[in-house]
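What follows is a short report on a single structure.
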Amino acid sequence: MPEPLPDALARVRDLVLDGQALVRALATGRRRGQRPQWRRVELRYVDLKAGRHLQVTRYDDTQAHVSNHRDPAEMLDELLAEPFGNWHVDTATLGLQLRVTKSGDAVVSVHETSAEPERSHDRAKARLLPEDDPVLVELGISDRDGKVKPSRRAKYRQVEEFVRELQAALDDALESGRLRPTEADPLRVVDLGCGNAYLTFAAHAWLTRVRGLPVRLVGVDVKEQSRRHNAEVALRLGVEDEVTFVQAGIDDVRLDEPPHVVLALHACDTATDDALARAVDWGAPLVLAAPCCHNDVSRQLREHPAPEPYALLTRDGILRERFADTLTDALRAALLRTRGYRVEVVEFVGSEHTPRNTLIRALATGASGEQAEQEYAELTSSWQVTPKLAELLDR
């Protein structure tokens with residue numbers, strides 16, 4: 001049953017301030033019509049030379065900001081005042097989940113747990129997939145001794161950052177109740193345009209072995225060679241019952257049941273639009289898409305004069321190309337919002353690794369898309385462009 005939000009937050013406050021029992025606290029999401037200063041906040045206690053401190057890690061769209069607090073009450077009150085939509089607290093004996101409803105009340109669930117707090121401050125950087133993970137060895141990212149190969153460090157960084165974004169998105173979806181995987185109804189994931197399936201296998205390894213979720217994952221690629229190669233990798237890893245591959249185009253693939261999670265990573269040009277349209281058609285609760293090139297809108301910008309006073313943005317080819325990237329993804333995000341998704345466009349990996357480094361992360365909420373429809377209409381009218389995704393959604 002819902003309860004007053006201040007009372008529920010007071011319960012969270014008491015648990016977090018218990019320096020003996022707290023394992024970890026996590027704040028994510030946002031309340032209706034509001035946005036917190038931080039995308040995500042994690043809290044845990046660490047033992048320093050000066051004594052036990054509450055370590056707070058705040059995440060914005062690009063990096064983590066860490067601070068340690070000997071007397072954390074004031075700082076914690078500031079965080080509790082932020083309009084986060086979810087709080088998740090784990091202690092040595094119980095777990096508490098708090099979700100803020102549309103009406104501004106709180107729904108709280110409590111369950112028993114057993115965990116040992118980790119207080120080390122100088123621990124090695126947490127890796128979501130350790131270097132010696134069998135998947136990384138089998139894919140040739142790590143050697144047989146479980147060390148990442150020097151020539152594959154960029155790929156390992158990409159895998160880590162993708163899994164980190166998947167973690168954040170999945171936490172939001174689970175804590176909001178949009179996803180409720182069980183053994184009878186496992187989490188259904190489809191990776192559209194999976195290629196050699198580096199990120200497909202990484203996602204499965206993390207979801208199953210780290211998060212402990214029941215998962216059925218399908219990788220889709222137009223090349224039969226990719227299907228055969230990936231199926232052989234799945235067989236060697238012993239996950240062929242949970243990870244399967246089909247040879248098909250994004251428009252052509254047919255699944256036994258609609259997926260809960262749709263991945264589309266580095267699909268070229270309008271293939272990203274094809275993937276987003278399929279996700280909307282399936283009613284997928286969670287979508288993660290990392291676009292590649294954006295030739296379609298760039299071509300349209302060449303064919304029409306830019307609205308005044310923005311001609312300088314498209315006069316030079318390199319600027320037009322970069323602006324087309326931004327405009328395309330802004331329009332994609334708006335169109336997803338018109339279909340009831342909460343959308344964030346974030347950095348995927350650092351620009352030093354690839355210039356194609358944005359990730360569209362969308363969670364179905366059923367929210368009204370009226371404002372997004374108006375913003376979309378104004379933007380397309382001003383620039384005289386029609387994104388491919390709009391045509392696909394209107395079919």
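So you can find residues: chains in the structure tokens are A, B, ... in the order shown, residues in each start at 1, and ligands are numbered from 1 in order.
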Show me, as JSON lines, the residues of stretch 204-264 of chain A having an atom within 12 Å of stretch 132-156 of chain A, each with the closest atom pair and its distance in Å, using only C-alpha atoms.
```
{"residue": "A:His204", "atom": "CA", "partner": "A:Val135", "partner_atom": "CA", "distance": 9.5}
{"residue": "A:Ala205", "atom": "CA", "partner": "A:Val135", "partner_atom": "CA", "distance": 7.2}
{"residue": "A:Trp206", "atom": "CA", "partner": "A:Asp133", "partner_atom": "CA", "distance": 10.0}
{"residue": "A:Arg209", "atom": "CA", "partner": "A:Asp133", "partner_atom": "CA", "distance": 10.2}
{"residue": "A:Val210", "atom": "CA", "partner": "A:Asp133", "partner_atom": "CA", "distance": 11.0}
{"residue": "A:His229", "atom": "CA", "partner": "A:Leu139", "partner_atom": "CA", "distance": 11.0}
{"residue": "A:Asn230", "atom": "CA", "partner": "A:Leu139", "partner_atom": "CA", "distance": 10.0}
{"residue": "A:Glu232", "atom": "CA", "partner": "A:Glu138", "partner_atom": "CA", "distance": 10.8}
{"residue": "A:Val233", "atom": "CA", "partner": "A:Glu138", "partner_atom": "CA", "distance": 7.4}
{"residue": "A:Ala234", "atom": "CA", "partner": "A:Val135", "partner_atom": "CA", "distance": 9.4}
{"residue": "A:Leu235", "atom": "CA", "partner": "A:Glu138", "partner_atom": "CA", "distance": 11.0}
{"residue": "A:Arg236", "atom": "CA", "partner": "A:Glu138", "partner_atom": "CA", "distance": 8.2}
{"residue": "A:Leu237", "atom": "CA", "partner": "A:Val135", "partner_atom": "CA", "distance": 7.3}
{"residue": "A:Gly238", "atom": "CA", "partner": "A:Val135", "partner_atom": "CA", "distance": 10.6}
{"residue": "A:Val239", "atom": "CA", "partner": "A:Val135", "partner_atom": "CA", "distance": 10.5}
```
Take the residues from that selection and put them in a file with N, CA and C atoms, as a PDB file, in the first residue's frame.
```
ATOM      1  N   HIS A 204      24.799 -11.285 -22.056  1.00  0.00           N
ATOM      2  CA  HIS A 204      24.301 -12.530 -21.470  1.00  0.00           C
ATOM      3  C   HIS A 204      25.123 -12.933 -20.249  1.00  0.00           C
ATOM      4  N   ALA A 205      26.440 -12.833 -20.347  1.00  0.00           N
ATOM      5  CA  ALA A 205      27.301 -13.215 -19.217  1.00  0.00           C
ATOM      6  C   ALA A 205      26.989 -12.375 -17.996  1.00  0.00           C
ATOM      7  N   TRP A 206      26.842 -11.069 -18.189  1.00  0.00           N
ATOM      8  CA  TRP A 206      26.582 -10.199 -17.043  1.00  0.00           C
ATOM      9  C   TRP A 206      25.179 -10.423 -16.477  1.00  0.00           C
ATOM     10  N   ARG A 209      25.313 -14.419 -14.968  1.00  0.00           N
ATOM     11  CA  ARG A 209      26.270 -14.831 -13.944  1.00  0.00           C
ATOM     12  C   ARG A 209      26.506 -13.757 -12.891  1.00  0.00           C
ATOM     13  N   VAL A 210      26.376 -12.496 -13.263  1.00  0.00           N
ATOM     14  CA  VAL A 210      26.567 -11.418 -12.285  1.00  0.00           C
ATOM     15  C   VAL A 210      25.245 -11.042 -11.627  1.00  0.00           C
ATOM     16  N   HIS A 229      29.123 -18.527 -37.046  1.00  0.00           N
ATOM     17  CA  HIS A 229      30.241 -18.245 -36.139  1.00  0.00           C
ATOM     18  C   HIS A 229      29.744 -18.074 -34.706  1.00  0.00           C
ATOM     19  N   ASN A 230      28.693 -17.283 -34.530  1.00  0.00           N
ATOM     20  CA  ASN A 230      28.193 -17.001 -33.186  1.00  0.00           C
ATOM     21  C   ASN A 230      27.593 -18.250 -32.533  1.00  0.00           C
ATOM     22  N   GLU A 232      28.595 -21.269 -33.002  1.00  0.00           N
ATOM     23  CA  GLU A 232      29.721 -22.097 -32.574  1.00  0.00           C
ATOM     24  C   GLU A 232      30.317 -21.571 -31.271  1.00  0.00           C
ATOM     25  N   VAL A 233      30.401 -20.239 -31.125  1.00  0.00           N
ATOM     26  CA  VAL A 233      30.903 -19.658 -29.878  1.00  0.00           C
ATOM     27  C   VAL A 233      29.972 -20.014 -28.724  1.00  0.00           C
ATOM     28  N   ALA A 234      28.664 -19.901 -28.948  1.00  0.00           N
ATOM     29  CA  ALA A 234      27.694 -20.241 -27.904  1.00  0.00           C
ATOM     30  C   ALA A 234      27.834 -21.697 -27.485  1.00  0.00           C
ATOM     31  N   LEU A 235      28.094 -22.574 -28.454  1.00  0.00           N
ATOM     32  CA  LEU A 235      28.260 -23.988 -28.157  1.00  0.00           C
ATOM     33  C   LEU A 235      29.503 -24.222 -27.303  1.00  0.00           C
ATOM     34  N   ARG A 236      30.599 -23.542 -27.652  1.00  0.00           N
ATOM     35  CA  ARG A 236      31.844 -23.716 -26.879  1.00  0.00           C
ATOM     36  C   ARG A 236      31.701 -23.174 -25.458  1.00  0.00           C
ATOM     37  N   LEU A 237      30.889 -22.140 -25.311  1.00  0.00           N
ATOM     38  CA  LEU A 237      30.672 -21.571 -23.980  1.00  0.00           C
ATOM     39  C   LEU A 237      29.621 -22.344 -23.187  1.00  0.00           C
ATOM     40  N   GLY A 238      28.914 -23.247 -23.849  1.00  0.00           N
ATOM     41  CA  GLY A 238      27.891 -24.027 -23.163  1.00  0.00           C
ATOM     42  C   GLY A 238      26.622 -23.258 -22.879  1.00  0.00           C
ATOM     43  N   VAL A 239      26.318 -22.222 -23.678  1.00  0.00           N
ATOM     44  CA  VAL A 239      25.122 -21.403 -23.437  1.00  0.00           C
ATOM     45  C   VAL A 239      24.163 -21.483 -24.623  1.00  0.00           C
TER      46      VAL A 239
END
```
Exercise for the section: For stretch 26-28 of chain A, please output as a PyMOL selection string all residues within 12 Å (counting only C-alpha atoms; exclusion window: fewer than 5 positions along the same chain). Expected result: chain A and resi 9+12+16+35-44+55-60+76+79-91+95-100+167-176
Practice task
Write out as number ranges by chain which residues come within 10 Å of A:Gly249 when counting only C-alpha atoms, dropping same-chain ones fewer than 5 positions away.
Solution key: A: 192-193, 220-223, 254, 271, 274-275
Handout entry: Top pick for closest residue to A:Leu389, considering A:Arg361, A:His65, A:Arg339, A:Arg320 and counting only C-alpha atoms
Key =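 Once distances to A:Leu389 are computed over only C-alpha atoms, the minimum belongs to A:Arg339.
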Exercise for the section: Rank A:Arg342, A:Arg302, A:His266, A:Arg164 by their smallest atom-to-atom distance to A:Gln384, using only C-alpha atoms, and report the top residue only. Expected result: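 Closest candidate: A:Arg302.
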Problem - Two-atom distance - atom CA of A:Thr101, atom CA of A:Met1 (Å) - result: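 Atom-to-atom, atom CA of A:Thr101 to atom CA of A:Met1, that is 11.1 Å.
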Handout entry: d(atom CA of A:Asp329, atom CA of A:Gln158) in Å
Key =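 Distance between the two atoms: 20.2 Å.
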Using backbone DSSP assignments, extract all strand (DSSP E) residues from stretch 163-197 of chain A; output them as a PDB file with N, CA, C and O atoms, in the first residue's frame.
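Below is the file that was written, out18.pdb:
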```
ATOM      1  N   LEU A 187      13.832 -13.121 -18.845  1.00  0.00           N
ATOM      2  CA  LEU A 187      14.069 -11.876 -19.552  1.00  0.00           C
ATOM      3  C   LEU A 187      14.397 -12.186 -21.013  1.00  0.00           C
ATOM      4  O   LEU A 187      15.368 -12.870 -21.309  1.00  0.00           O
ATOM      5  N   ARG A 188      13.588 -11.682 -21.924  1.00  0.00           N
ATOM      6  CA  ARG A 188      13.792 -11.928 -23.348  1.00  0.00           C
ATOM      7  C   ARG A 188      14.505 -10.726 -23.962  1.00  0.00           C
ATOM      8  O   ARG A 188      13.997  -9.601 -23.919  1.00  0.00           O
ATOM      9  N   VAL A 189      15.677 -10.988 -24.519  1.00  0.00           N
ATOM     10  CA  VAL A 189      16.529  -9.946 -25.088  1.00  0.00           C
ATOM     11  C   VAL A 189      16.787 -10.271 -26.552  1.00  0.00           C
ATOM     12  O   VAL A 189      17.062 -11.432 -26.891  1.00  0.00           O
ATOM     13  N   VAL A 190      16.709  -9.265 -27.427  1.00  0.00           N
ATOM     14  CA  VAL A 190      17.084  -9.454 -28.820  1.00  0.00           C
ATOM     15  C   VAL A 190      18.120  -8.404 -29.181  1.00  0.00           C
ATOM     16  O   VAL A 190      18.000  -7.234 -28.810  1.00  0.00           O
ATOM     17  N   ASP A 191      19.178  -8.842 -29.856  1.00  0.00           N
ATOM     18  CA  ASP A 191      20.247  -7.952 -30.317  1.00  0.00           C
ATOM     19  C   ASP A 191      20.154  -7.881 -31.838  1.00  0.00           C
ATOM     20  O   ASP A 191      20.484  -8.846 -32.535  1.00  0.00           O
ATOM     21  N   LEU A 192      19.690  -6.754 -32.357  1.00  0.00           N
ATOM     22  CA  LEU A 192      19.455  -6.585 -33.781  1.00  0.00           C
ATOM     23  C   LEU A 192      20.717  -6.068 -34.462  1.00  0.00           C
ATOM     24  O   LEU A 192      21.244  -5.024 -34.088  1.00  0.00           O
TER      25      LEU A 192
END
```
